[in-house]
$ cat protein04.tsv   # TSV, C-alpha atoms
chain	number	residue	atom	x	y	z
A	1	MET	CA	17.39	-18.70	9.07
A	2	ALA	CA	17.41	-16.80	5.78
A	3	ARG	CA	14.26	-16.67	3.67
A	4	SER	CA	14.37	-17.80	0.08
A	5	ASN	CA	12.06	-16.97	-2.80
A	6	ARG	CA	13.22	-20.09	-4.62
A	7	LYS	CA	10.31	-21.75	-6.40
A	8	VAL	CA	9.73	-25.38	-5.46
A	9	VAL	CA	8.42	-25.94	-9.00
A	10	PRO	CA	10.29	-23.48	-11.28
A	11	GLU	CA	7.87	-24.18	-14.14
A	12	SER	CA	5.10	-22.52	-12.09
A	13	ARG	CA	6.64	-19.04	-12.42
A	14	GLN	CA	4.69	-18.12	-15.57
A	15	MET	CA	1.36	-19.24	-14.08
A	16	LEU	CA	2.02	-17.35	-10.84
A	17	ASP	CA	3.00	-14.20	-12.74
A	18	GLN	CA	-0.17	-14.39	-14.81
A	19	MET	CA	-2.25	-14.87	-11.68
A	20	LYS	CA	-0.50	-11.90	-10.03
A	21	TYR	CA	-1.33	-9.56	-12.92
A	22	GLU	CA	-4.93	-10.84	-13.17
A	23	ILE	CA	-5.50	-10.16	-9.48
A	24	ALA	CA	-3.87	-6.72	-9.71
A	25	ALA	CA	-6.20	-5.88	-12.60
A	26	GLU	CA	-9.21	-7.13	-10.62
A	27	PHE	CA	-8.16	-4.87	-7.72
A	28	GLY	CA	-7.73	-1.92	-10.10
A	29	LEU	CA	-3.98	-1.58	-9.52
A	30	ASN	CA	-1.97	0.00	-12.33
A	31	VAL	CA	1.06	-2.17	-12.98
A	32	GLY	CA	3.02	-2.69	-16.17
A	33	TYR	CA	2.80	-6.06	-17.87
A	34	GLY	CA	6.17	-7.73	-18.25
A	35	GLY	CA	9.44	-6.06	-17.43
A	36	LYS	CA	10.30	-4.96	-20.96
A	37	GLY	CA	7.14	-3.10	-21.95
A	38	SER	CA	5.58	-6.19	-23.45
A	39	LEU	CA	2.04	-7.29	-22.82
A	40	ALA	CA	3.01	-10.90	-22.21
A	41	GLY	CA	0.45	-12.45	-19.92
A	42	ALA	CA	-1.99	-9.58	-20.42
A	43	ASP	CA	-4.32	-11.73	-22.49
A	44	THR	CA	-6.11	-13.38	-19.60
A	45	GLU	CA	-9.39	-15.19	-19.22
A	46	PHE	CA	-10.76	-12.07	-17.49
A	47	GLY	CA	-9.78	-9.73	-20.33
A	48	SER	CA	-13.33	-9.16	-21.57
A	49	GLU	CA	-14.61	-8.50	-18.05
A	50	LEU	CA	-11.82	-6.08	-17.18
A	51	GLY	CA	-11.79	-4.19	-20.44
A	52	GLU	CA	-8.82	-3.37	-22.61
A	53	ILE	CA	-5.48	-3.36	-20.86
A	54	ASN	CA	-3.66	-0.10	-21.46
A	55	HIS	CA	0.09	-0.21	-20.97
A	56	SER	CA	0.61	3.57	-21.22
A	57	TYR	CA	1.02	4.07	-17.49
A	58	GLY	CA	3.98	6.37	-18.07
A	59	GLN	CA	6.01	6.20	-14.89
A	60	TYR	CA	4.08	3.23	-13.50
A	61	LYS	CA	5.96	0.23	-14.81
A	62	GLY	CA	6.29	-2.55	-12.31
A	63	TRP	CA	5.18	-2.74	-8.72
A	64	GLY	CA	7.41	-0.18	-6.98
A	65	HIS	CA	4.85	2.64	-6.89
A	66	LEU	CA	2.28	0.55	-5.01
A	67	THR	CA	1.98	0.55	-1.23
A	68	SER	CA	2.95	-2.44	0.87
A	69	ARG	CA	-0.72	-2.96	1.62
A	70	GLU	CA	-1.61	-3.10	-2.09
A	71	ASN	CA	1.22	-5.50	-2.88
A	72	GLY	CA	0.36	-7.61	0.15
A	73	SER	CA	-3.28	-7.82	-0.86
A	74	VAL	CA	-2.26	-9.28	-4.21
A	75	GLY	CA	0.01	-11.84	-2.52
A	76	GLY	CA	-2.68	-12.71	0.00
A	77	GLU	CA	-5.24	-13.27	-2.73
A	78	ILE	CA	-2.81	-15.52	-4.63
A	79	THR	CA	-2.37	-17.59	-1.47
A	80	LYS	CA	-6.14	-17.83	-0.90
A	81	ARG	CA	-6.76	-18.97	-4.46
A	82	LEU	CA	-3.97	-21.54	-4.41
A	83	ILE	CA	-5.24	-22.99	-1.13
A	84	ARG	CA	-8.81	-23.08	-2.45
A	85	LYS	CA	-7.63	-24.86	-5.62
A	86	ALA	CA	-5.60	-27.38	-3.59
A	87	GLU	CA	-8.55	-28.10	-1.29
A	88	GLN	CA	-10.86	-28.67	-4.26
A	89	HIS	CA	-8.30	-30.98	-5.82
A	90	LEU	CA	-7.98	-33.04	-2.64
A	91	LEU	CA	-11.71	-33.47	-2.08

$ encode --input "protein04.tsv" --output "structure tokens"
Amino acid sequence: MARSNRKVVPESRQMLDQMKYEIAAEFGLNVGYGGKGSLAGADTEFGSELGEINHSYGQYKGWGHLTSRENGSVGGEITKRLIRKAEQHLL
């Protein structure tokens, strides 16, 4: 059976992208914000804690330069946080 990255709730894409970049910043991973050099989503609730976000990464735009382990750690943390939030909501 083929896997699909289709979102069950398409409106959640922006929130998930923001969460992905917040977690990457928390982990100290250099990724570009937005695909077109914009800083969309860079203004996060953790901005003051993480310091100024610098988008002059040169060749590091996107996620392709990161290892599978680094990318997987971001995805794993997203999953943990979503499960934690769902459990809190149900209790």

$ atom_distance --input "protein04.tsv" --atom1 "CA of Trp63 in chain A" --atom2 "CA of Leu29 in chain A"
9.3 Å

$ atom_distance --input "protein04.tsv" --atom1 "CA of Gly64 in chain A" --atom2 "CA of Arg84 in chain A"
28.4 Å

$ atom_distance --input "protein04.tsv" --atom1 "CA of Val31 in chain A" --atom2 "CA of Gly75 in chain A"
14.3 Å

$ closest_residue --input "protein04.tsv" --among "A:Val74, A:Arg69, A:Gly62, A:Asn5" --to "Phe27 in chain A" --atoms "only C-alpha atoms"
A:Val74

$ closest_residue --input "protein04.tsv" --among "A:Leu66, A:Val8, A:Leu16, A:Leu90" --to "Asn30 in chain A" --atoms "only C-alpha atoms"
A:Leu66

$ closest_residue --input "protein04.tsv" --among "A:Ile23, A:Pro10, A:Arg3, A:Asp17" --to "Glu77 in chain A" --atoms "all atoms listed in the file"
A:Ile23

$ closest_residue --input "protein04.tsv" --among "A:Ile78, A:Arg13, A:Gln88, A:His65" --to "Gly32 in chain A" --atoms "all atoms listed in the file"
A:His65

$ closest_residue --input "protein04.tsv" --among "A:Gly28, A:Met19, A:Val9, A:Lys85" --to "Glu70 in chain A" --atoms "only C-alpha atoms"
A:Gly28

$ decode --input "protein04.tsv" --residues "range 1-14 of chain A" --atoms "all heavy atoms" --output "short mmCIF file (atom, residue, chain, number, x, y, z; two decimals), in the first residue's frame"
data_model
loop_
_atom_site.label_atom_id
_atom_site.label_comp_id
_atom_site.auth_asym_id
_atom_site.auth_seq_id
_atom_site.Cartn_x
_atom_site.Cartn_y
_atom_site.Cartn_z
N MET A 1 0.84 -1.17 0.00
CA MET A 1 0.00 0.00 0.00
C MET A 1 0.89 1.24 0.00
O MET A 1 1.83 1.33 0.78
CB MET A 1 -0.88 -0.01 1.25
CG MET A 1 -1.89 1.06 1.27
SD MET A 1 -3.07 0.65 2.57
CE MET A 1 -3.57 2.26 3.00
N ALA A 2 0.61 2.18 -0.86
CA ALA A 2 1.42 3.39 -0.99
C ALA A 2 1.13 4.34 0.16
O ALA A 2 0.00 4.47 0.63
CB ALA A 2 1.11 4.08 -2.31
N ARG A 3 2.19 5.02 0.61
CA ARG A 3 2.04 6.02 1.67
C ARG A 3 1.63 7.34 1.05
O ARG A 3 2.00 7.66 -0.06
CB ARG A 3 3.35 6.19 2.43
CG ARG A 3 3.68 4.96 3.24
CD ARG A 3 4.91 5.16 4.02
NE ARG A 3 4.71 6.27 4.95
CZ ARG A 3 5.61 6.65 5.83
NH1 ARG A 3 6.75 6.05 5.90
NH2 ARG A 3 5.37 7.65 6.64
N SER A 4 0.92 8.11 1.81
CA SER A 4 0.47 9.42 1.34
C SER A 4 0.75 10.47 2.40
O SER A 4 0.53 10.24 3.58
CB SER A 4 -1.02 9.38 1.04
OG SER A 4 -1.48 10.67 0.74
N ASN A 5 1.26 11.61 1.98
CA ASN A 5 1.47 12.72 2.90
C ASN A 5 0.30 13.69 2.88
O ASN A 5 0.43 14.83 3.29
CB ASN A 5 2.76 13.47 2.54
CG ASN A 5 3.98 12.67 2.92
OD1 ASN A 5 3.92 11.85 3.82
ND2 ASN A 5 5.07 12.90 2.23
N ARG A 6 -0.85 13.20 2.41
CA ARG A 6 -2.04 14.04 2.35
C ARG A 6 -2.47 14.40 3.76
O ARG A 6 -2.55 13.56 4.65
CB ARG A 6 -3.16 13.28 1.64
CG ARG A 6 -4.43 14.08 1.47
CD ARG A 6 -5.50 13.25 0.76
NE ARG A 6 -5.84 12.04 1.49
CZ ARG A 6 -6.75 11.99 2.47
NH1 ARG A 6 -7.38 13.06 2.85
NH2 ARG A 6 -7.02 10.85 3.07
N LYS A 7 -2.71 15.68 3.99
CA LYS A 7 -3.15 16.15 5.30
C LYS A 7 -4.63 15.84 5.48
O LYS A 7 -5.43 16.06 4.58
CB LYS A 7 -2.94 17.65 5.43
CG LYS A 7 -1.52 18.12 5.22
CD LYS A 7 -0.70 17.89 6.45
CE LYS A 7 0.68 18.47 6.36
NZ LYS A 7 1.63 17.71 5.64
N VAL A 8 -4.98 15.30 6.64
CA VAL A 8 -6.38 15.02 6.94
C VAL A 8 -7.14 16.34 7.07
O VAL A 8 -8.26 16.48 6.62
CB VAL A 8 -6.51 14.19 8.24
CG1 VAL A 8 -7.96 14.00 8.63
CG2 VAL A 8 -5.83 12.85 8.06
N VAL A 9 -6.47 17.33 7.69
CA VAL A 9 -7.04 18.67 7.82
C VAL A 9 -6.08 19.63 7.11
O VAL A 9 -5.10 20.07 7.69
CB VAL A 9 -7.20 19.08 9.30
CG1 VAL A 9 -7.82 20.46 9.43
CG2 VAL A 9 -8.02 18.05 10.05
N PRO A 10 -6.34 19.95 5.83
CA PRO A 10 -5.42 20.79 5.06
C PRO A 10 -5.12 22.14 5.71
O PRO A 10 -4.05 22.69 5.54
CB PRO A 10 -6.13 20.98 3.72
CG PRO A 10 -7.09 19.87 3.62
CD PRO A 10 -7.48 19.54 5.03
N GLU A 11 -6.06 22.67 6.48
CA GLU A 11 -5.86 23.96 7.14
C GLU A 11 -4.77 23.91 8.21
O GLU A 11 -4.31 24.93 8.69
CB GLU A 11 -7.17 24.45 7.77
CG GLU A 11 -8.26 24.72 6.76
CD GLU A 11 -9.01 23.46 6.31
OE1 GLU A 11 -8.91 22.42 6.98
OE2 GLU A 11 -9.68 23.53 5.27
N SER A 12 -4.35 22.72 8.60
CA SER A 12 -3.34 22.57 9.65
C SER A 12 -1.92 22.75 9.12
O SER A 12 -0.98 22.83 9.90
CB SER A 12 -3.45 21.19 10.30
OG SER A 12 -3.07 20.19 9.37
N ARG A 13 -1.74 22.84 7.81
CA ARG A 13 -0.41 22.92 7.21
C ARG A 13 0.41 24.08 7.79
O ARG A 13 1.57 23.91 8.16
CB ARG A 13 -0.49 23.05 5.70
CG ARG A 13 0.89 23.19 5.05
CD ARG A 13 0.83 23.39 3.55
NE ARG A 13 0.34 22.26 2.80
CZ ARG A 13 1.05 21.17 2.51
NH1 ARG A 13 2.28 21.08 2.94
NH2 ARG A 13 0.54 20.20 1.82
N GLN A 14 -0.18 25.26 7.88
CA GLN A 14 0.56 26.43 8.37
C GLN A 14 1.01 26.22 9.82
O GLN A 14 2.14 26.53 10.18
CB GLN A 14 -0.29 27.68 8.25
CG GLN A 14 0.44 28.94 8.66
CD GLN A 14 -0.40 30.19 8.48
OE1 GLN A 14 -1.56 30.11 8.06
NE2 GLN A 14 0.17 31.33 8.78
#
